[in-house]
>>> print(open('upload_34.cif').read())   # mmCIF, C-alpha atoms
data_entry
#
loop_
_atom_site.label_atom_id
_atom_site.label_comp_id
_atom_site.auth_asym_id
_atom_site.auth_seq_id
_atom_site.Cartn_x
_atom_site.Cartn_y
_atom_site.Cartn_z
CA MET A 6 -19.20 -16.74 1.17
CA LEU A 7 -17.41 -14.32 3.51
CA LEU A 8 -14.09 -14.72 1.71
CA GLU A 9 -15.72 -14.22 -1.68
CA ALA A 10 -17.41 -11.05 -0.40
CA TYR A 11 -14.15 -9.64 1.01
CA ALA A 12 -12.37 -10.47 -2.26
CA HIS A 13 -14.81 -8.09 -3.95
CA GLY A 14 -14.69 -5.31 -1.35
CA ILE A 15 -17.92 -6.31 0.42
CA PHE A 16 -18.28 -6.98 4.13
CA PRO A 17 -21.19 -7.98 6.39
CA TRP A 18 -22.65 -5.58 8.92
CA PRO A 19 -25.69 -6.56 10.98
CA ASP A 20 -28.22 -3.93 11.96
CA GLY A 21 -29.45 -3.46 15.53
CA ARG A 22 -31.82 -6.43 15.19
CA GLY A 23 -29.05 -8.79 14.06
CA GLU A 24 -30.13 -8.79 10.39
CA VAL A 25 -26.99 -9.01 8.25
CA TYR A 26 -26.56 -6.66 5.31
CA TRP A 27 -23.69 -6.51 2.84
CA TRP A 28 -21.74 -3.26 2.52
CA SER A 29 -19.30 -1.74 0.05
CA PRO A 30 -19.18 1.88 1.19
CA ASP A 31 -18.34 4.85 -0.97
CA PRO A 32 -15.99 6.38 0.03
CA ARG A 33 -13.73 3.82 1.68
CA ALA A 34 -11.09 4.41 4.37
CA ALA A 35 -7.73 2.71 3.83
CA PHE A 36 -4.10 2.95 4.89
CA ARG A 37 -1.22 2.35 2.52
CA VAL A 38 0.88 -0.18 4.40
CA GLY A 39 3.70 1.69 6.10
CA SER A 40 1.73 4.94 6.39
CA VAL A 41 0.10 4.67 9.83
CA ARG A 42 0.98 7.92 11.63
CA ARG A 43 2.83 7.75 14.90
CA SER A 44 2.60 10.99 16.83
CA ARG A 45 5.46 11.81 19.16
CA SER A 46 3.32 11.01 22.19
CA LEU A 47 2.26 7.67 20.66
CA ARG A 48 5.89 6.75 19.93
CA GLN A 49 6.72 7.50 23.58
CA ARG A 50 3.71 5.47 24.75
CA ILE A 51 4.84 2.51 22.63
CA ARG A 52 8.37 2.70 24.09
CA HIS A 53 7.41 3.29 27.73
CA GLY A 54 3.84 1.99 28.11
CA GLY A 55 4.79 -1.48 29.24
CA PHE A 56 3.00 -3.08 26.28
CA THR A 57 3.70 -6.49 24.79
CA VAL A 58 2.26 -7.21 21.35
CA THR A 59 1.39 -10.64 19.98
CA ARG A 60 -0.33 -11.92 16.86
CA ASP A 61 -2.94 -14.67 16.62
CA GLU A 62 -2.51 -15.76 20.24
CA ALA A 63 -5.94 -14.68 21.50
CA PHE A 64 -8.15 -14.25 18.43
CA GLU A 65 -11.44 -15.17 20.10
CA ALA A 66 -10.65 -13.04 23.17
CA VAL A 67 -10.01 -10.04 20.89
CA MET A 68 -13.30 -10.62 19.07
CA GLY A 69 -15.11 -10.93 22.39
CA ALA A 70 -13.57 -7.69 23.65
CA CYS A 71 -14.50 -5.92 20.41
CA ALA A 72 -18.08 -7.15 20.82
CA ASP A 73 -18.27 -6.08 24.48
CA ARG A 74 -19.51 -2.50 24.19
CA PRO A 75 -21.88 -1.88 27.09
CA GLY A 76 -24.48 0.71 26.22
CA GLU A 77 -23.36 0.92 22.59
CA GLY A 78 -24.65 -2.33 21.15
CA THR A 79 -22.52 -4.46 18.85
CA TRP A 80 -22.48 -5.62 15.28
CA ILE A 81 -20.36 -8.63 16.27
CA THR A 82 -23.13 -11.14 16.86
CA PRO A 83 -22.52 -14.67 18.21
CA SER A 84 -22.98 -16.12 14.71
CA MET A 85 -20.41 -13.67 13.33
CA GLN A 86 -17.99 -14.63 16.11
CA THR A 87 -18.39 -18.28 15.16
CA ALA A 88 -17.88 -17.57 11.44
CA TYR A 89 -14.75 -15.49 12.02
CA ALA A 90 -13.35 -18.09 14.44
CA VAL A 91 -13.70 -20.66 11.64
CA LEU A 92 -11.91 -18.26 9.25
CA HIS A 93 -9.18 -17.81 11.86
CA GLU A 94 -8.70 -21.57 12.18
CA ALA A 95 -8.43 -21.76 8.38
CA GLY A 96 -5.74 -19.03 8.33
CA HIS A 97 -7.83 -16.21 6.80
CA ALA A 98 -8.65 -14.13 9.90
CA HIS A 99 -5.98 -12.73 12.20
CA SER A 100 -5.61 -10.71 15.36
CA VAL A 101 -3.11 -8.41 16.99
CA GLU A 102 -3.17 -8.41 20.79
CA VAL A 103 -1.79 -5.77 23.15
CA TRP A 104 -0.98 -6.85 26.69
CA GLN A 105 0.09 -5.17 29.91
CA ASP A 106 1.47 -7.86 32.14
CA ALA A 107 -1.02 -10.73 31.69
CA ASP A 108 -3.98 -8.47 30.85
CA LEU A 109 -5.35 -8.12 27.32
CA VAL A 110 -5.73 -4.33 27.08
CA GLY A 111 -6.20 -3.76 23.36
CA GLY A 112 -6.29 -5.36 19.97
CA LEU A 113 -7.80 -5.70 16.56
CA TYR A 114 -8.82 -8.42 14.13
CA GLY A 115 -9.49 -8.69 10.43
CA ILE A 116 -9.42 -10.72 7.24
CA VAL A 117 -6.57 -11.21 4.76
CA ILE A 118 -7.27 -11.27 1.04
CA GLY A 119 -4.08 -11.24 -1.01
CA GLY A 120 -2.11 -8.10 -0.14
CA VAL A 121 -5.01 -6.49 1.76
CA PHE A 122 -5.77 -6.73 5.46
CA THR A 123 -9.41 -5.72 6.08
CA GLY A 124 -9.73 -4.52 9.65
CA GLU A 125 -13.02 -5.54 11.22
CA SER A 126 -12.84 -4.07 14.70
CA MET A 127 -10.49 -2.86 17.41
CA PHE A 128 -10.77 -2.20 21.13
CA HIS A 129 -8.84 -0.73 24.02
CA ARG A 130 -9.10 -1.05 27.77
CA VAL A 131 -6.25 1.36 28.46
CA SER A 132 -5.44 4.56 26.64
CA ASP A 133 -3.72 4.14 23.26
CA ALA A 134 -3.78 0.33 23.28
CA SER A 135 -5.78 0.13 20.04
CA LYS A 136 -3.36 2.60 18.42
CA VAL A 137 -0.48 0.40 19.54
CA ALA A 138 -2.23 -2.56 17.86
CA LEU A 139 -2.68 -0.62 14.62
CA VAL A 140 0.99 0.47 14.57
CA ALA A 141 2.10 -3.12 15.27
CA LEU A 142 -0.16 -4.39 12.47
CA ASP A 143 1.24 -1.82 10.04
CA ASP A 144 4.83 -2.70 10.96
CA HIS A 145 4.11 -6.42 10.55
CA LEU A 146 2.38 -6.00 7.19
CA VAL A 147 5.35 -4.02 5.87
CA THR A 148 7.64 -6.98 6.61
CA ARG A 149 5.24 -9.42 4.93
CA GLY A 150 4.79 -7.45 1.67
CA PHE A 151 1.20 -6.30 2.11
CA THR A 152 -0.08 -3.23 0.27
CA LEU A 153 -3.25 -1.95 1.95
CA ILE A 154 -5.13 -1.93 5.24
CA ASP A 155 -8.84 -1.60 4.53
CA ALA A 156 -10.34 0.38 7.39
CA GLN A 157 -13.80 0.25 5.78
CA LEU A 158 -15.52 3.42 7.01
CA PRO A 159 -13.80 6.79 7.43
CA THR A 160 -13.76 8.08 11.01
CA GLU A 161 -11.99 11.07 12.50
CA HIS A 162 -9.83 8.70 14.58
CA LEU A 163 -8.67 6.74 11.51
CA LEU A 164 -8.01 9.91 9.52
CA THR A 165 -5.78 11.31 12.29
CA MET A 166 -3.85 8.02 12.16
CA GLY A 167 -3.21 8.50 8.42
CA ALA A 168 -6.09 6.74 6.69
CA GLU A 169 -6.92 7.96 3.21
CA ILE A 170 -10.43 8.42 1.90
CA LEU A 171 -10.69 6.54 -1.38
CA PRO A 172 -13.59 6.48 -3.81
CA ARG A 173 -15.04 2.98 -3.91
CA SER A 174 -13.91 2.55 -7.53
CA THR A 175 -10.29 3.35 -6.59
CA PHE A 176 -10.42 0.97 -3.63
CA LEU A 177 -11.88 -1.83 -5.78
CA ASP A 178 -9.20 -1.26 -8.45
CA GLU A 179 -6.50 -1.54 -5.74
CA LEU A 180 -8.12 -4.66 -4.32
CA ASP A 181 -8.33 -6.21 -7.78
CA ARG A 182 -4.64 -5.44 -8.36
CA VAL A 183 -3.42 -7.12 -5.14
CA ARG A 184 -6.12 -9.72 -4.47
CA ALA A 185 -3.92 -12.57 -5.72
CA HIS A 186 -0.61 -11.39 -4.20
CA PRO A 187 1.09 -14.42 -2.65
CA VAL A 188 1.74 -12.84 0.76
CA HIS A 189 1.06 -14.45 4.11
CA PHE A 190 0.23 -12.91 7.47
CA ASP A 191 2.23 -15.37 9.56
#
>>> encode(input="upload_34.cif", output="structure tokens")
Amino acid sequence: MLLEAYAHGIFPWPDGRGEVYWWSPDPRAAFRVGSVRRSRSLRQRIRHGGFTVTRDEAFEAVMGACADRPGEGTWITPSMQTAYAVLHEAGHAHSVEVWQDADLVGGLYGIVIGGVFTGESMFHRVSDASKVALVALDDHLVTRGFTLIDAQLPTEHLLTMGAEILPRSTFLDELDRVRAHPVHFD
């Protein structure tokens, strides 16, 4: 059911009580693959921050870190973590991990549908680590032939990183166009 929803631009989002609702926001935030902005300071941080980036090596740890938001609450419920772990095992959900030494300091995870990577959540434990994950994701998706990173909801942070605000109809047209692209994350 989750894959079918994502294939049509719909994603689950539980409310504060854990009740799951289905969302297809208008407008939608998205990055054209290859368009994530890298400020000069971010480029320096990537070169000299002591980061190591991996993919799909700590999916459940990334989800757990994304869910761990003391004082903020989380939409990543235990049942959602289980569902996305199953999707990861089946090759549909993926993560990008950012490490400093042996410590997981940032990352993101999401779902792949054709040429679209739908980002679900990201986290950082040190400054810029989530940005490093987004840049690494963008670079990887370029090499694999992806077209779009669905960032779901527009935020100031995403817009400063280069996300576009798309009307839902435009996003759904793009998704329809690339939904069956034979690209692979790994």
>>> closest_atom_pairs(input="upload_34.cif", of="stretch 104-174 of chain A", to="stretch 25-32 of chain A", cutoff="9 Å", atoms="all atoms listed in the file", output="Markdown table")
| residue | atom | partner | partner_atom | distance |
| --- | --- | --- | --- | --- |
| A:Gln157 | CA | A:Pro30 | CA | 7.3 |
| A:Leu158 | CA | A:Pro30 | CA | 7.0 |
| A:Pro159 | CA | A:Pro32 | CA | 7.7 |
| A:Ile170 | CA | A:Pro32 | CA | 6.2 |
| A:Leu171 | CA | A:Pro32 | CA | 5.5 |
| A:Pro172 | CA | A:Pro32 | CA | 4.5 |
| A:Arg173 | CA | A:Asp31 | CA | 4.8 |
| A:Ser174 | CA | A:Asp31 | CA | 8.2 |
>>> resolve_selection(input="upload_34.cif", expression="the PyMOL selection byres ((chain A and resi 125) around 10)", output="JSON, numbers by chain")
{"A": [16, 17, 18, 68, 71, 81, 98, 100, 113, 114, 115, 116, 122, 123, 124, 126, 127, 155, 156, 157]}
>>> closest_residue(input="upload_34.cif", among="A:Val147, A:Val67, A:Val38, A:Met85", to="A:Leu7", atoms="only C-alpha atoms")
A:Met85
>>> atom_distance(input="upload_34.cif", atom1="atom CA of A:Phe190", atom2="atom CA of A:His13")
19.5 Å
>>> closest_residue(input="upload_34.cif", among="A:Ala70, A:Leu109, A:Met6, A:Val188", to="A:Gln86", atoms="only C-alpha atoms")
A:Ala70
>>> resolve_selection(input="upload_34.cif", expression="the PyMOL selection byres ((chain A and resi 180) around 8)", output="list in words")
Ala12, His13, Gly14, Val121, Phe176, Leu177, Asp178, Glu179, Asp181, Arg182, Val183 and Arg184 of chain A
>>> closest_residue(input="upload_34.cif", among="A:Gly54, A:Gly39, A:Pro75, A:Pro187", to="A:Trp104", atoms="only C-alpha atoms")
A:Gly54
>>> residues_around(input="upload_34.cif", residues="A:Ser44", least_positions_apart="3", cutoff="12 Å", atoms="only C-alpha atoms", output="VMD selection string")
chain A and resid 41 47 to 51 133 136 to 137 140 165 to 167
>>> atom_distance(input="upload_34.cif", atom1="atom CA of A:Ser46", atom2="atom CA of A:Ser132")
11.8 Å
>>> atom_distance(input="upload_34.cif", atom1="atom CA of A:Leu164", atom2="atom CA of A:Leu139")
12.9 Å
>>> residues_around(input="upload_34.cif", residues="A:Pro83", least_positions_apart="3", cutoff="12 Å", atoms="only C-alpha atoms", output="list of chain:residue names")
A:Pro19, A:Gly23, A:Glu65, A:Met68, A:Gly69, A:Ala72, A:Asp73, A:Thr79, A:Trp80, A:Gln86, A:Thr87, A:Ala88, A:Tyr89, A:Ala90
>>> resolve_selection(input="upload_34.cif", expression="the PyMOL selection byres ((chain A and resi 59) around 7)", output="list in words")
Thr57, Val58, Arg60, Asp61, Glu62, Val101, Glu102 and Val103 of chain A
>>> residues_around(input="upload_34.cif", residues="A:Arg130", least_positions_apart="2", cutoff="7 Å", atoms="only C-alpha atoms", output="list in words")
Val110, Gly111, Phe128 and Ser132 of chain A
>>> write_last_selection(input="upload_34.cif", atoms="C-alpha atoms", output="JSON list (two decimals), in the coordinates of the input")
[["chain", "number", "residue", "atom", "x", "y", "z"],
["A", 110, "VAL", "CA", -5.73, -4.33, 27.08],
["A", 111, "GLY", "CA", -6.20, -3.76, 23.36],
["A", 128, "PHE", "CA", -10.77, -2.20, 21.13],
["A", 132, "SER", "CA", -5.44, 4.56, 26.64]]
>>> residues_around(input="upload_34.cif", residues="A:Arg37", least_positions_apart="6", cutoff="7 Å", atoms="all atoms listed in the file", output="mmCIF file with C-alpha atoms, in the frame of the given file")
data_model
loop_
_atom_site.group_PDB
_atom_site.id
_atom_site.type_symbol
_atom_site.label_atom_id
_atom_site.label_comp_id
_atom_site.auth_asym_id
_atom_site.auth_seq_id
_atom_site.Cartn_x
_atom_site.Cartn_y
_atom_site.Cartn_z
ATOM 1 C CA THR A 152 -0.080 -3.230 0.270
ATOM 2 C CA LEU A 153 -3.250 -1.950 1.950
ATOM 3 C CA ILE A 154 -5.130 -1.930 5.240
#
>>> build_atoms(input="upload_34.cif", residues="stretch 140-161 of chain A", atoms="N, CA, C and O atoms", output="compact mmCIF listing (two decimals), keeping the file's coordinate frame")
# COMPACT_ATOMS: atom_id res chain seq x y z
N VAL A 140 -0.42 0.25 14.94
CA VAL A 140 0.99 0.47 14.57
C VAL A 140 1.70 -0.88 14.41
O VAL A 140 2.44 -1.09 13.45
N ALA A 141 1.47 -1.80 15.35
CA ALA A 141 2.10 -3.12 15.27
C ALA A 141 1.64 -3.86 14.02
O ALA A 141 2.44 -4.53 13.35
N LEU A 142 0.35 -3.77 13.70
CA LEU A 142 -0.16 -4.39 12.47
C LEU A 142 0.54 -3.80 11.26
O LEU A 142 1.02 -4.54 10.40
N ASP A 143 0.61 -2.49 11.18
CA ASP A 143 1.24 -1.82 10.04
C ASP A 143 2.69 -2.26 9.90
O ASP A 143 3.13 -2.63 8.80
N ASP A 144 3.43 -2.28 11.00
CA ASP A 144 4.83 -2.70 10.96
C ASP A 144 4.95 -4.15 10.46
O ASP A 144 5.82 -4.46 9.65
N HIS A 145 4.07 -5.02 10.96
CA HIS A 145 4.11 -6.42 10.55
C HIS A 145 3.79 -6.57 9.06
O HIS A 145 4.46 -7.33 8.35
N LEU A 146 2.78 -5.87 8.59
CA LEU A 146 2.38 -6.00 7.19
C LEU A 146 3.46 -5.50 6.24
O LEU A 146 3.62 -6.04 5.14
N VAL A 147 4.22 -4.49 6.67
CA VAL A 147 5.35 -4.02 5.87
C VAL A 147 6.33 -5.17 5.65
O VAL A 147 6.78 -5.42 4.52
N THR A 148 6.66 -5.90 6.71
CA THR A 148 7.64 -6.98 6.61
C THR A 148 7.13 -8.16 5.78
O THR A 148 7.93 -8.93 5.28
N ARG A 149 5.83 -8.28 5.65
CA ARG A 149 5.24 -9.42 4.93
C ARG A 149 4.89 -9.09 3.48
O ARG A 149 4.43 -9.95 2.74
N GLY A 150 5.05 -7.82 3.06
CA GLY A 150 4.79 -7.45 1.67
C GLY A 150 3.36 -7.07 1.34
O GLY A 150 2.97 -7.08 0.17
N PHE A 151 2.57 -6.74 2.35
CA PHE A 151 1.20 -6.30 2.11
C PHE A 151 1.19 -4.89 1.51
O PHE A 151 2.18 -4.17 1.57
N THR A 152 0.05 -4.51 0.94
CA THR A 152 -0.08 -3.23 0.27
C THR A 152 -1.04 -2.28 0.98
O THR A 152 -0.78 -1.08 1.06
N LEU A 153 -2.15 -2.80 1.49
CA LEU A 153 -3.25 -1.95 1.95
C LEU A 153 -3.89 -2.50 3.22
O LEU A 153 -4.01 -3.72 3.37
N ILE A 154 -4.28 -1.59 4.10
CA ILE A 154 -5.13 -1.93 5.24
C ILE A 154 -6.48 -1.27 4.97
O ILE A 154 -6.58 -0.04 4.92
N ASP A 155 -7.48 -2.09 4.75
CA ASP A 155 -8.84 -1.60 4.53
C ASP A 155 -9.45 -1.29 5.90
O ASP A 155 -9.61 -2.17 6.72
N ALA A 156 -9.74 -0.03 6.13
CA ALA A 156 -10.34 0.38 7.39
C ALA A 156 -11.85 0.57 7.26
O ALA A 156 -12.52 1.02 8.19
N GLN A 157 -12.38 0.25 6.09
CA GLN A 157 -13.80 0.25 5.78
C GLN A 157 -14.41 1.65 5.79
O GLN A 157 -14.54 2.26 4.75
N LEU A 158 -14.81 2.15 6.95
CA LEU A 158 -15.52 3.42 7.01
C LEU A 158 -14.63 4.53 7.56
O LEU A 158 -13.97 4.33 8.58
N PRO A 159 -14.63 5.70 6.92
CA PRO A 159 -13.80 6.79 7.43
C PRO A 159 -14.33 7.31 8.77
O PRO A 159 -15.53 7.53 8.93
N THR A 160 -13.44 7.44 9.74
CA THR A 160 -13.76 8.08 11.01
C THR A 160 -12.67 9.10 11.30
O THR A 160 -11.56 9.01 10.77
N GLU A 161 -12.97 10.05 12.14
CA GLU A 161 -11.99 11.07 12.50
C GLU A 161 -10.74 10.41 13.10
O GLU A 161 -9.61 10.80 12.80
